[in-house]
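Trainee: Dropping in entry02.cif, which is mmCIF, C-alpha atoms:
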```
data_query
loop_
_atom_site.label_atom_id
_atom_site.label_comp_id
_atom_site.auth_asym_id
_atom_site.auth_seq_id
_atom_site.Cartn_x
_atom_site.Cartn_y
_atom_site.Cartn_z
CA MET E 1 31.17 -16.84 -18.35
CA THR E 2 29.99 -14.21 -20.79
CA ALA E 3 28.45 -10.87 -19.96
CA THR E 4 25.02 -11.09 -18.42
CA LYS E 5 21.74 -9.46 -19.29
CA THR E 6 21.93 -7.46 -16.08
CA GLU E 7 24.44 -5.29 -17.92
CA LEU E 8 21.74 -4.04 -20.28
CA PRO E 9 20.00 -1.37 -18.21
CA SER E 10 17.60 -0.56 -21.06
CA GLN E 11 16.04 -3.97 -20.53
CA ARG E 12 16.04 -4.06 -16.73
CA GLY E 13 12.58 -2.58 -16.42
CA ALA E 14 10.95 -4.75 -19.07
CA SER E 15 9.17 -6.94 -16.57
CA GLY E 16 7.54 -4.05 -14.83
CA GLY E 17 5.38 -2.21 -17.33
CA GLY E 18 2.14 -2.67 -19.20
CA THR E 19 -0.59 -5.26 -19.29
CA PRO E 20 0.94 -8.76 -19.55
CA VAL E 21 1.19 -10.20 -23.05
CA ILE E 22 0.96 -13.69 -21.54
CA SER E 23 -0.70 -14.48 -18.23
CA VAL E 24 -0.59 -18.01 -16.81
CA ARG E 25 -2.46 -19.14 -13.71
CA GLY E 26 -2.69 -22.56 -12.09
CA LEU E 27 -1.34 -24.34 -15.16
CA TRP E 28 -1.18 -28.14 -15.06
CA LYS E 29 -0.18 -30.72 -17.62
CA VAL E 30 -0.72 -34.29 -16.51
CA PHE E 31 -0.01 -37.29 -18.72
CA GLY E 32 -1.74 -40.58 -18.04
CA PRO E 33 -5.15 -42.15 -17.39
CA LYS E 34 -7.86 -39.84 -16.07
CA ALA E 35 -5.38 -37.00 -15.93
CA ALA E 36 -8.02 -34.35 -15.20
CA ARG E 37 -8.66 -35.74 -11.72
CA VAL E 38 -5.17 -34.85 -10.49
CA PRO E 39 -5.40 -31.02 -10.39
CA ASP E 40 -8.83 -31.25 -8.74
CA SER E 41 -7.63 -33.48 -5.90
CA PRO E 42 -5.68 -31.85 -3.03
CA GLU E 43 -4.57 -35.33 -1.99
CA LEU E 44 -3.12 -36.18 -5.41
CA CYS E 45 -1.63 -32.69 -5.82
CA ALA E 46 0.37 -33.23 -2.64
CA LEU E 47 2.04 -36.41 -3.91
CA SER E 48 5.58 -36.43 -5.24
CA ARG E 49 6.17 -37.34 -8.88
CA ARG E 50 7.04 -40.93 -7.96
CA GLU E 51 4.11 -41.31 -5.56
CA LEU E 52 1.69 -39.94 -8.14
CA MET E 53 2.94 -42.40 -10.74
CA GLU E 54 2.68 -45.32 -8.34
CA ARG E 55 -0.84 -44.46 -7.24
CA THR E 56 -2.44 -43.24 -10.48
CA GLY E 57 -0.13 -44.09 -13.37
CA CYS E 58 0.04 -40.35 -14.15
CA THR E 59 2.95 -37.97 -14.55
CA ALA E 60 2.49 -34.32 -13.70
CA ALA E 61 4.90 -32.58 -16.07
CA VAL E 62 3.68 -29.09 -15.12
CA ARG E 63 2.28 -28.46 -11.65
CA ASP E 64 0.30 -25.36 -10.75
CA VAL E 65 2.59 -22.89 -12.54
CA ALA E 66 1.75 -19.17 -12.65
CA PHE E 67 3.56 -16.19 -14.18
CA ASP E 68 3.11 -13.13 -16.38
CA VAL E 69 5.22 -12.00 -19.34
CA SER E 70 5.28 -8.26 -19.98
CA PRO E 71 5.53 -6.53 -23.37
CA GLY E 72 9.09 -6.54 -24.66
CA GLU E 73 10.34 -8.86 -21.92
CA VAL E 74 12.73 -11.75 -22.42
CA PHE E 75 11.31 -14.35 -20.03
CA VAL E 76 13.49 -17.43 -19.55
CA VAL E 77 12.20 -20.80 -18.34
CA MET E 78 15.03 -22.99 -17.14
CA GLY E 79 15.60 -26.27 -15.36
CA LEU E 80 17.30 -29.59 -15.69
CA SER E 81 16.10 -32.38 -17.97
CA GLY E 82 12.64 -33.53 -16.90
CA SER E 83 11.81 -30.31 -15.06
CA GLY E 84 8.82 -29.59 -17.33
CA LYS E 85 10.16 -26.49 -19.06
CA SER E 86 9.64 -27.66 -22.66
CA THR E 87 6.19 -29.01 -21.84
CA LEU E 88 5.34 -25.65 -20.32
CA VAL E 89 6.32 -23.60 -23.37
CA ARG E 90 4.41 -25.97 -25.66
CA CYS E 91 1.33 -25.53 -23.50
CA LEU E 92 1.43 -21.77 -24.13
CA THR E 93 0.38 -22.31 -27.75
CA ARG E 94 -1.46 -25.56 -27.08
CA LEU E 95 0.97 -27.66 -29.08
CA ILE E 96 0.44 -29.68 -25.92
CA GLU E 97 -3.02 -29.35 -24.43
CA PRO E 98 -2.97 -28.20 -20.78
CA THR E 99 -4.88 -30.31 -18.29
CA ALA E 100 -6.02 -27.38 -16.15
CA GLY E 101 -5.42 -23.69 -15.57
CA GLU E 102 -5.69 -20.37 -17.36
CA LEU E 103 -3.75 -19.23 -20.42
CA VAL E 104 -4.44 -15.64 -21.45
CA PHE E 105 -2.72 -14.01 -24.43
CA GLU E 106 -3.33 -10.29 -25.00
CA GLY E 107 -6.53 -10.62 -23.01
CA GLU E 108 -7.78 -13.66 -24.93
CA ASP E 109 -8.46 -17.04 -23.29
CA ILE E 110 -6.24 -19.36 -25.32
CA ARG E 111 -7.81 -22.50 -23.88
CA ALA E 112 -11.21 -21.41 -25.23
CA ALA E 113 -9.92 -20.90 -28.79
CA ASP E 114 -11.26 -23.31 -31.40
CA ARG E 115 -9.00 -24.94 -33.99
CA ALA E 116 -9.44 -22.19 -36.56
CA ARG E 117 -8.66 -19.44 -34.09
CA LEU E 118 -5.70 -21.38 -32.70
CA ARG E 119 -4.32 -21.83 -36.19
CA GLU E 120 -4.66 -18.10 -36.79
CA LEU E 121 -2.87 -17.28 -33.54
CA ARG E 122 0.00 -19.61 -34.38
CA ARG E 123 0.39 -18.10 -37.83
CA ARG E 124 0.18 -14.44 -36.86
CA LYS E 125 0.79 -13.97 -33.14
CA PHE E 126 3.24 -16.70 -32.07
CA ALA E 127 6.39 -18.05 -33.66
CA MET E 128 8.49 -20.92 -32.34
CA VAL E 129 12.18 -21.64 -32.79
CA PHE E 130 13.15 -25.21 -31.92
CA GLN E 131 16.45 -27.00 -31.39
CA HIS E 132 15.87 -28.87 -34.64
CA PHE E 133 15.62 -26.32 -37.39
CA GLY E 134 12.98 -28.05 -39.53
CA LEU E 135 14.18 -26.37 -42.70
CA LEU E 136 12.88 -27.58 -46.06
CA PRO E 137 15.95 -29.14 -47.74
CA HIS E 138 14.72 -28.56 -51.30
CA ARG E 139 14.14 -24.83 -50.74
CA ARG E 140 16.75 -22.10 -50.75
CA VAL E 141 17.24 -19.84 -47.74
CA LEU E 142 14.96 -17.10 -49.04
CA ASP E 143 12.13 -19.53 -49.74
CA ASN E 144 12.55 -21.21 -46.36
CA VAL E 145 12.28 -17.85 -44.64
CA ALA E 146 9.22 -16.89 -46.68
CA TYR E 147 7.45 -20.23 -46.16
CA GLY E 148 5.19 -19.08 -43.33
CA LEU E 149 4.14 -16.03 -45.33
CA GLU E 150 3.35 -18.27 -48.28
CA ILE E 151 1.04 -20.37 -46.09
CA ARG E 152 -0.73 -17.17 -45.04
CA GLY E 153 -1.44 -16.41 -48.68
CA ILE E 154 0.82 -13.38 -49.01
CA GLY E 155 1.86 -12.66 -52.60
CA ARG E 156 5.28 -13.60 -53.89
CA ALA E 157 6.61 -10.05 -54.25
CA GLU E 158 5.64 -9.04 -50.72
CA ARG E 159 6.88 -12.21 -49.05
CA THR E 160 10.17 -12.03 -50.95
CA ARG E 161 10.62 -8.42 -49.85
CA ARG E 162 9.94 -9.31 -46.22
CA ALA E 163 12.15 -12.40 -46.37
CA ARG E 164 15.06 -10.32 -47.69
CA GLU E 165 14.61 -7.86 -44.84
CA VAL E 166 14.85 -10.47 -42.10
CA VAL E 167 17.62 -12.42 -43.85
CA GLU E 168 19.69 -9.25 -43.67
CA LEU E 169 18.56 -8.62 -40.08
CA VAL E 170 19.91 -11.98 -38.88
CA GLY E 171 23.20 -11.63 -40.74
CA LEU E 172 22.59 -13.97 -43.69
CA ALA E 173 22.85 -11.45 -46.53
CA GLY E 174 24.61 -13.15 -49.42
CA TYR E 175 23.24 -16.60 -48.58
CA GLU E 176 19.71 -16.06 -49.90
CA HIS E 177 20.13 -18.65 -52.66
CA SER E 178 21.97 -21.30 -50.65
CA TYR E 179 20.36 -24.60 -49.67
CA PRO E 180 20.23 -25.64 -45.99
CA ASP E 181 22.81 -28.42 -46.44
CA GLN E 182 25.29 -25.80 -47.67
CA LEU E 183 25.13 -23.94 -44.36
CA SER E 184 26.71 -24.54 -40.95
CA GLY E 185 24.55 -25.39 -37.95
CA GLY E 186 24.68 -21.83 -36.68
CA MET E 187 23.68 -20.44 -40.07
CA GLN E 188 20.82 -22.92 -40.32
CA GLN E 189 19.59 -21.73 -36.92
CA ARG E 190 19.74 -18.16 -38.22
CA VAL E 191 17.46 -19.25 -41.06
CA GLY E 192 15.05 -20.68 -38.49
CA LEU E 193 15.19 -17.41 -36.56
CA ALA E 194 14.60 -15.39 -39.73
CA ARG E 195 11.61 -17.58 -40.61
CA ALA E 196 10.13 -16.92 -37.17
CA LEU E 197 10.67 -13.16 -37.51
CA ALA E 198 9.31 -12.95 -41.05
CA GLY E 199 5.70 -13.14 -39.93
CA ASP E 200 6.20 -10.26 -37.45
CA PRO E 201 4.75 -12.21 -34.50
CA ASP E 202 3.95 -10.59 -31.18
CA VAL E 203 5.78 -13.31 -29.25
CA LEU E 204 8.80 -15.46 -30.10
CA LEU E 205 9.05 -18.79 -28.28
CA PHE E 206 12.44 -20.54 -28.17
CA ASP E 207 12.69 -24.16 -27.04
CA GLU E 208 16.39 -24.83 -26.34
CA PRO E 209 17.25 -23.61 -29.84
CA PHE E 210 21.03 -23.60 -29.39
CA SER E 211 21.53 -26.80 -27.39
CA ALA E 212 22.95 -28.77 -30.31
CA LEU E 213 25.36 -26.07 -31.45
CA ASP E 214 29.08 -25.94 -30.73
CA PRO E 215 29.96 -23.63 -27.79
CA LEU E 216 31.40 -20.81 -29.90
CA ILE E 217 28.47 -20.88 -32.35
CA ARG E 218 26.08 -21.05 -29.41
CA ARG E 219 27.64 -17.92 -27.92
CA ASP E 220 27.32 -16.14 -31.25
CA MET E 221 23.64 -17.06 -31.46
CA GLN E 222 23.04 -15.85 -27.91
CA ASN E 223 24.62 -12.55 -28.85
CA GLU E 224 22.40 -12.51 -31.93
CA VAL E 225 19.27 -12.87 -29.81
CA VAL E 226 20.43 -10.02 -27.55
CA ARG E 227 21.11 -7.85 -30.59
CA LEU E 228 17.79 -8.67 -32.23
CA HIS E 229 15.93 -7.95 -29.04
CA ARG E 230 17.55 -4.54 -28.86
CA GLU E 231 16.61 -3.83 -32.47
CA VAL E 232 13.10 -5.29 -32.78
CA GLY E 233 11.98 -5.39 -29.13
CA LYS E 234 9.93 -8.57 -29.44
CA THR E 235 8.49 -10.29 -26.39
CA MET E 236 10.39 -13.56 -26.02
CA VAL E 237 9.96 -16.73 -23.98
CA PHE E 238 13.19 -18.70 -23.99
CA VAL E 239 13.63 -22.26 -22.67
CA THR E 240 17.08 -23.47 -21.64
CA HIS E 241 18.86 -25.78 -19.22
CA ASP E 242 21.95 -23.55 -19.23
CA LEU E 243 22.16 -21.03 -16.39
CA SER E 244 24.78 -18.85 -18.09
CA GLU E 245 22.51 -18.64 -21.15
CA ALA E 246 19.56 -17.75 -18.94
CA LEU E 247 21.51 -15.01 -17.16
CA LYS E 248 22.78 -13.60 -20.43
CA LEU E 249 19.39 -13.44 -22.14
CA GLY E 250 16.73 -13.14 -19.48
CA ASP E 251 15.11 -10.09 -17.96
CA ARG E 252 13.54 -12.58 -15.57
CA ILE E 253 14.15 -16.29 -15.08
CA LEU E 254 11.72 -18.94 -13.88
CA ILE E 255 13.47 -21.99 -12.43
CA MET E 256 11.51 -25.25 -12.54
CA ARG E 257 11.98 -28.56 -10.75
CA ASP E 258 9.73 -31.60 -11.12
CA GLY E 259 7.13 -29.48 -12.88
CA ARG E 260 6.91 -26.80 -10.21
CA THR E 261 8.16 -23.25 -9.99
CA VAL E 262 11.04 -23.01 -7.54
CA GLN E 263 11.78 -19.31 -8.00
CA CYS E 264 11.07 -16.56 -10.50
CA GLY E 265 13.08 -13.37 -10.59
CA THR E 266 15.84 -11.37 -12.21
CA GLY E 267 19.31 -12.86 -12.43
CA ASP E 268 20.58 -10.76 -9.53
CA GLU E 269 17.59 -11.82 -7.42
CA LEU E 270 18.35 -15.50 -8.03
CA VAL E 271 22.03 -15.03 -7.17
CA GLY E 272 21.53 -12.54 -4.35
CA ALA E 273 18.50 -14.14 -2.67
CA PRO E 274 18.06 -17.78 -3.73
CA ALA E 275 14.72 -19.17 -2.58
CA ASP E 276 16.07 -22.49 -1.32
CA ASP E 277 19.06 -24.83 -1.39
CA TYR E 278 18.16 -26.04 -4.88
CA VAL E 279 18.48 -22.55 -6.35
CA ARG E 280 21.50 -21.85 -4.13
CA ASP E 281 23.26 -24.89 -5.60
CA PHE E 282 22.18 -23.87 -9.10
CA VAL E 283 23.82 -20.45 -8.85
CA ALA E 284 26.79 -21.49 -6.69
CA ASP E 285 29.31 -21.19 -9.53
CA VAL E 286 28.02 -17.94 -10.97
CA PRO E 287 30.61 -15.12 -10.84
CA ARG E 288 28.73 -12.87 -8.45
CA SER E 289 30.45 -9.67 -9.52
CA ARG E 290 29.07 -10.11 -13.03
CA VAL E 291 25.49 -10.53 -11.87
CA LEU E 292 24.94 -8.72 -8.57
CA THR E 293 24.21 -5.02 -8.69
CA LEU E 294 25.04 -2.29 -6.20
CA ARG E 295 21.51 -2.63 -4.84
CA TRP E 296 22.60 -5.93 -3.28
CA ILE E 297 25.83 -4.80 -1.65
CA MET E 298 25.19 -1.19 -0.61
CA ARG E 299 24.98 -0.30 3.07
CA PRO E 300 23.24 2.58 4.87
CA ALA E 301 25.25 5.76 5.09
CA ARG E 302 26.97 6.27 8.46
CA PRO E 303 27.37 9.59 10.30
CA GLU E 304 31.10 9.53 9.66
CA ASP E 305 30.69 9.00 5.89
CA ALA E 306 31.57 12.00 3.75
CA LEU E 307 28.77 12.09 1.20
CA ASP E 308 30.59 14.08 -1.44
CA GLY E 309 31.80 11.09 -3.44
CA PRO E 310 30.72 10.02 -6.94
CA GLU E 311 27.25 8.65 -7.67
CA LEU E 312 26.17 5.41 -9.35
CA GLY E 313 22.76 3.87 -9.98
CA PRO E 314 21.55 0.87 -7.94
CA ASP E 315 21.35 -1.36 -11.03
CA THR E 316 25.03 -0.89 -11.89
CA VAL E 317 26.69 -4.30 -12.01
CA VAL E 318 29.37 -4.75 -9.36
CA ARG E 319 32.06 -5.58 -11.89
CA ASP E 320 31.34 -2.38 -13.80
CA ALA E 321 31.45 -0.32 -10.59
CA THR E 322 34.64 -1.81 -9.15
CA ARG E 323 37.15 0.60 -10.69
CA ALA E 324 35.13 3.70 -9.78
CA VAL E 325 34.60 2.56 -6.18
CA LEU E 326 38.21 1.58 -5.55
CA ALA E 327 39.49 4.81 -7.12
CA ALA E 328 37.22 7.06 -5.07
CA ALA E 329 38.50 8.71 -1.91
CA ARG E 330 34.96 8.69 -0.47
CA PRO E 331 32.23 6.05 -0.47
CA VAL E 332 30.28 5.96 -3.71
CA LYS E 333 26.69 7.10 -3.31
CA VAL E 334 23.99 4.82 -4.70
CA VAL E 335 21.31 7.17 -5.98
CA GLU E 336 18.00 6.52 -7.73
CA ASN E 337 15.74 9.34 -8.96
CA GLY E 338 17.69 11.80 -6.85
CA ARG E 339 17.23 9.76 -3.66
CA LEU E 340 20.19 8.36 -1.71
CA LEU E 341 19.64 4.62 -1.21
CA GLY E 342 22.99 3.78 0.39
CA VAL E 343 26.71 3.83 -0.11
CA VAL E 344 29.34 1.39 -1.37
CA GLY E 345 32.99 1.46 -0.36
CA ASP E 346 36.07 -0.68 -0.81
CA GLU E 347 34.91 -3.17 1.81
CA GLU E 348 31.60 -3.92 0.12
CA ILE E 349 33.13 -4.20 -3.35
CA LEU E 350 36.02 -6.43 -2.29
CA ALA E 351 33.72 -8.76 -0.37
CA VAL E 352 32.17 -9.66 -3.72
CA VAL E 353 35.05 -9.27 -6.14
CA ALA E 354 37.65 -11.03 -3.99
CA GLY E 355 35.27 -13.76 -2.79
CA PRO E 356 35.51 -17.37 -4.01
CA GLU E 357 32.95 -16.73 -6.77
CA GLY E 358 33.73 -13.09 -7.37
CA GLY E 359 34.66 -13.55 -11.01
CA ALA E 360 36.63 -10.35 -11.24
#
```
Turn the structure described in the file into structure tokens.

Mentor:
Amino acid sequence: MTATKTELPSQRGASGGGTPVISVRGLWKVFGPKAARVPDSPELCALSRRELMERTGCTAAVRDVAFDVSPGEVFVVMGLSGSGKSTLVRCLTRLIEPTAGELVFEGEDIRAADRARLRELRRRKFAMVFQHFGLLPHRRVLDNVAYGLEIRGIGRAERTRRAREVVELVGLAGYEHSYPDQLSGGMQQRVGLARALAGDPDVLLFDEPFSALDPLIRRDMQNEVVRLHREVGKTMVFVTHDLSEALKLGDRILIMRDGRTVQCGTGDELVGAPADDYVRDFVADVPRSRVLTLRWIMRPARPEDALDGPELGPDTVVRDATRAVLAAARPVKVVENGRLLGVVGDEEILAVVAGPEGGA
């Protein structure tokens, strides 16, 4: 498993600050006859997916989902096939119309937007990157990247300048005049990413963009997203079925099952305190030392502890702290803002590192 997002302390606080860019409350998407009756009926809401289909002929793809996405956050929605994750992300821009609930973007009620306003939001505020690149085969890379700007009526000189900037940003310099069929799958996905960035949207939405790529190319593209997020700081909503991808990219992760939220939290929260057996099974194979932080394994200081050992922050990943803890003659102090939270010694570290899923 590759390094996780918990190792990027600059991003750890992204979910905590500022007015939410996206705020979702009580979101439902029901497919089928008279779908609107389902969210309004406590009796129908209580039915399982199969029972609801048998009684009404409806499928509730998204069931009463609520969350906020903060400025600059990478918010990952994950689940197995059929969990509702792709339907959910499409509801955010009304590519799929929600059945019920609130969708607020930068303080604006998205569900109240008319077609003209929705078109404007999609062109200027949101950008989506899909699994299928949707590149125009008869256009070269530079023109594919500039296509959205062309639709917005931006002049050729300006859109070419901007397209060149983002082509270089995503590592495609030198391929500006290539056609899509001359590029590998990973390079084509970079073109799709550049096209999304070209319009300088407030939010990037990714719907399983790397699922069809070979594993090595997929890892490279994940690293590219991490790098781009560091450089441009865009708010991102990323859909995946891959837990390792979610842990690598996400500041927070929302796990869905049968249209419902099972748990939402940081990667270390999911691994350290799974909400139920479903999440526990999901994270069972995760190398805990690469995800858990000292906050999860520290213990209170004891009277016999000599508190003159080294200090580490509570969000230090266990794997990164292992050498310092094992080399120290005294327990390592876990300190935040000058306050002692606890201590970590050999026993606490080895319980994680040497455990069956330690991943040292």

Trainee: Have a look at CA of Glu54 (chain E) and CA of Val30 (chain E) and let me know their distance in Å, one decimal.

Mentor: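 Distance between the two atoms: 14.1 Å.
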
Trainee: One number please: CA of Arg288 (chain E) to CA of Leu243 (chain E), in Å, one decimal.

Mentor: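 Spanning CA of Arg288 (chain E) to CA of Leu243 (chain E) is a straight-line distance of 13.1 Å.
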
Trainee: Please determine, counting all atoms listed in the file, which residue among E:Asn223, E:Leu341, E:Ser178, E:Gly309 has the shortest atom-to-atom distance to Ala328 (chain E).

Mentor: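 Ranked by minimum distance to Ala328 (chain E), first place goes to E:Gly309.
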
Trainee: Step by step, work through what the PyMOL selection byres ((chain E and resi 144) around 12) selects in the shown file, and finish by giving those residues as a PDB file with C-alpha atoms, keeping the file's coordinate frame.

Mentor:
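So the final result, stored in part.pdb, reads:
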```pdb
ATOM      1  CA  PHE E 133      15.620 -26.320 -37.390  1.00  0.00           C
ATOM      2  CA  GLY E 134      12.980 -28.050 -39.530  1.00  0.00           C
ATOM      3  CA  LEU E 135      14.180 -26.370 -42.700  1.00  0.00           C
ATOM      4  CA  LEU E 136      12.880 -27.580 -46.060  1.00  0.00           C
ATOM      5  CA  PRO E 137      15.950 -29.140 -47.740  1.00  0.00           C
ATOM      6  CA  HIS E 138      14.720 -28.560 -51.300  1.00  0.00           C
ATOM      7  CA  ARG E 139      14.140 -24.830 -50.740  1.00  0.00           C
ATOM      8  CA  ARG E 140      16.750 -22.100 -50.750  1.00  0.00           C
ATOM      9  CA  VAL E 141      17.240 -19.840 -47.740  1.00  0.00           C
ATOM     10  CA  LEU E 142      14.960 -17.100 -49.040  1.00  0.00           C
ATOM     11  CA  ASP E 143      12.130 -19.530 -49.740  1.00  0.00           C
ATOM     12  CA  VAL E 145      12.280 -17.850 -44.640  1.00  0.00           C
ATOM     13  CA  ALA E 146       9.220 -16.890 -46.680  1.00  0.00           C
ATOM     14  CA  TYR E 147       7.450 -20.230 -46.160  1.00  0.00           C
ATOM     15  CA  GLY E 148       5.190 -19.080 -43.330  1.00  0.00           C
ATOM     16  CA  LEU E 149       4.140 -16.030 -45.330  1.00  0.00           C
ATOM     17  CA  GLU E 150       3.350 -18.270 -48.280  1.00  0.00           C
ATOM     18  CA  ILE E 151       1.040 -20.370 -46.090  1.00  0.00           C
ATOM     19  CA  ARG E 159       6.880 -12.210 -49.050  1.00  0.00           C
ATOM     20  CA  THR E 160      10.170 -12.030 -50.950  1.00  0.00           C
ATOM     21  CA  ALA E 163      12.150 -12.400 -46.370  1.00  0.00           C
ATOM     22  CA  ARG E 164      15.060 -10.320 -47.690  1.00  0.00           C
ATOM     23  CA  VAL E 166      14.850 -10.470 -42.100  1.00  0.00           C
ATOM     24  CA  VAL E 167      17.620 -12.420 -43.850  1.00  0.00           C
ATOM     25  CA  TYR E 175      23.240 -16.600 -48.580  1.00  0.00           C
ATOM     26  CA  GLU E 176      19.710 -16.060 -49.900  1.00  0.00           C
ATOM     27  CA  HIS E 177      20.130 -18.650 -52.660  1.00  0.00           C
ATOM     28  CA  SER E 178      21.970 -21.300 -50.650  1.00  0.00           C
ATOM     29  CA  TYR E 179      20.360 -24.600 -49.670  1.00  0.00           C
ATOM     30  CA  PRO E 180      20.230 -25.640 -45.990  1.00  0.00           C
ATOM     31  CA  GLN E 188      20.820 -22.920 -40.320  1.00  0.00           C
ATOM     32  CA  GLN E 189      19.590 -21.730 -36.920  1.00  0.00           C
ATOM     33  CA  ARG E 190      19.740 -18.160 -38.220  1.00  0.00           C
ATOM     34  CA  VAL E 191      17.460 -19.250 -41.060  1.00  0.00           C
ATOM     35  CA  GLY E 192      15.050 -20.680 -38.490  1.00  0.00           C
ATOM     36  CA  LEU E 193      15.190 -17.410 -36.560  1.00  0.00           C
ATOM     37  CA  ALA E 194      14.600 -15.390 -39.730  1.00  0.00           C
ATOM     38  CA  ARG E 195      11.610 -17.580 -40.610  1.00  0.00           C
ATOM     39  CA  ALA E 196      10.130 -16.920 -37.170  1.00  0.00           C
ATOM     40  CA  ALA E 198       9.310 -12.950 -41.050  1.00  0.00           C
TER      41      ALA E 198
END
```

Trainee: With all atoms listed in the file as the basis for distance, which of E:Ser244, E:Thr93, E:Ser70, E:Thr322 is at the shortest distance from Val283 (chain E)?

Mentor: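 Ranked by minimum distance to Val283 (chain E), first place goes to E:Ser244.
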
Trainee: Report, in Å with one decimal, the straight-line distance from CA of Thr235 (chain E) to CA of Arg25 (chain E).

Mentor: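 CA of Arg25 (chain E) lies at a distance of 18.9 Å from CA of Thr235 (chain E).
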
Trainee: Neighbours of region 102-105 of chain E within 8 Å (all atoms listed in the file; same-chain residues fewer than 2 positions away dropped), as a VMD selection string?

Mentor: chain E and resid 21 to 27 92 100 107 to 111

Trainee: If the PyMOL selection byres ((chain E and resi 253) around 12) were run on this exact file, what residues would it hold? Put them as a PDB file with C-alpha atoms, in the coordinates of the input.

Mentor:
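That gives us expr-v1.pdb:
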```
ATOM      1  CA  LYS E   5      21.740  -9.460 -19.290  1.00  0.00           C
ATOM      2  CA  THR E   6      21.930  -7.460 -16.080  1.00  0.00           C
ATOM      3  CA  SER E  15       9.170  -6.940 -16.570  1.00  0.00           C
ATOM      4  CA  PHE E  67       3.560 -16.190 -14.180  1.00  0.00           C
ATOM      5  CA  ASP E  68       3.110 -13.130 -16.380  1.00  0.00           C
ATOM      6  CA  VAL E  69       5.220 -12.000 -19.340  1.00  0.00           C
ATOM      7  CA  GLU E  73      10.340  -8.860 -21.920  1.00  0.00           C
ATOM      8  CA  VAL E  74      12.730 -11.750 -22.420  1.00  0.00           C
ATOM      9  CA  PHE E  75      11.310 -14.350 -20.030  1.00  0.00           C
ATOM     10  CA  VAL E  76      13.490 -17.430 -19.550  1.00  0.00           C
ATOM     11  CA  VAL E  77      12.200 -20.800 -18.340  1.00  0.00           C
ATOM     12  CA  MET E  78      15.030 -22.990 -17.140  1.00  0.00           C
ATOM     13  CA  GLY E  79      15.600 -26.270 -15.360  1.00  0.00           C
ATOM     14  CA  LYS E  85      10.160 -26.490 -19.060  1.00  0.00           C
ATOM     15  CA  MET E 236      10.390 -13.560 -26.020  1.00  0.00           C
ATOM     16  CA  VAL E 237       9.960 -16.730 -23.980  1.00  0.00           C
ATOM     17  CA  PHE E 238      13.190 -18.700 -23.990  1.00  0.00           C
ATOM     18  CA  VAL E 239      13.630 -22.260 -22.670  1.00  0.00           C
ATOM     19  CA  THR E 240      17.080 -23.470 -21.640  1.00  0.00           C
ATOM     20  CA  HIS E 241      18.860 -25.780 -19.220  1.00  0.00           C
ATOM     21  CA  ASP E 242      21.950 -23.550 -19.230  1.00  0.00           C
ATOM     22  CA  LEU E 243      22.160 -21.030 -16.390  1.00  0.00           C
ATOM     23  CA  SER E 244      24.780 -18.850 -18.090  1.00  0.00           C
ATOM     24  CA  GLU E 245      22.510 -18.640 -21.150  1.00  0.00           C
ATOM     25  CA  ALA E 246      19.560 -17.750 -18.940  1.00  0.00           C
ATOM     26  CA  LEU E 247      21.510 -15.010 -17.160  1.00  0.00           C
ATOM     27  CA  LYS E 248      22.780 -13.600 -20.430  1.00  0.00           C
ATOM     28  CA  LEU E 249      19.390 -13.440 -22.140  1.00  0.00           C
ATOM     29  CA  GLY E 250      16.730 -13.140 -19.480  1.00  0.00           C
ATOM     30  CA  ASP E 251      15.110 -10.090 -17.960  1.00  0.00           C
ATOM     31  CA  ARG E 252      13.540 -12.580 -15.570  1.00  0.00           C
ATOM     32  CA  LEU E 254      11.720 -18.940 -13.880  1.00  0.00           C
ATOM     33  CA  ILE E 255      13.470 -21.990 -12.430  1.00  0.00           C
ATOM     34  CA  MET E 256      11.510 -25.250 -12.540  1.00  0.00           C
ATOM     35  CA  THR E 261       8.160 -23.250  -9.990  1.00  0.00           C
ATOM     36  CA  VAL E 262      11.040 -23.010  -7.540  1.00  0.00           C
ATOM     37  CA  GLN E 263      11.780 -19.310  -8.000  1.00  0.00           C
ATOM     38  CA  CYS E 264      11.070 -16.560 -10.500  1.00  0.00           C
ATOM     39  CA  GLY E 265      13.080 -13.370 -10.590  1.00  0.00           C
ATOM     40  CA  THR E 266      15.840 -11.370 -12.210  1.00  0.00           C
ATOM     41  CA  GLY E 267      19.310 -12.860 -12.430  1.00  0.00           C
ATOM     42  CA  ASP E 268      20.580 -10.760  -9.530  1.00  0.00           C
ATOM     43  CA  GLU E 269      17.590 -11.820  -7.420  1.00  0.00           C
ATOM     44  CA  LEU E 270      18.350 -15.500  -8.030  1.00  0.00           C
ATOM     45  CA  VAL E 271      22.030 -15.030  -7.170  1.00  0.00           C
ATOM     46  CA  VAL E 279      18.480 -22.550  -6.350  1.00  0.00           C
TER      47      VAL E 279
END
```

Trainee: Name all residues at most 7 Å from region 208-222 of chain E (count only C-alpha atoms; drop same-chain ones fewer than 6 positions away) and give them as a PDB file with C-alpha atoms, in the coordinates of the input.

Mentor:
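Printed below is out_6.pdb as written:
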```pdb
ATOM      1  CA  VAL E 129      12.180 -21.640 -32.790  1.00  0.00           C
ATOM      2  CA  PHE E 130      13.150 -25.210 -31.920  1.00  0.00           C
ATOM      3  CA  GLN E 131      16.450 -27.000 -31.390  1.00  0.00           C
ATOM      4  CA  GLY E 185      24.550 -25.390 -37.950  1.00  0.00           C
ATOM      5  CA  GLY E 186      24.680 -21.830 -36.680  1.00  0.00           C
ATOM      6  CA  VAL E 239      13.630 -22.260 -22.670  1.00  0.00           C
ATOM      7  CA  THR E 240      17.080 -23.470 -21.640  1.00  0.00           C
TER       8      THR E 240
END
```

Trainee: Smallest atom-to-atom distance to Phe282 (chain E): which of E:Arg257, E:Arg123, E:Arg339, E:Arg227, using all atoms listed in the file?

Mentor: E:Arg257
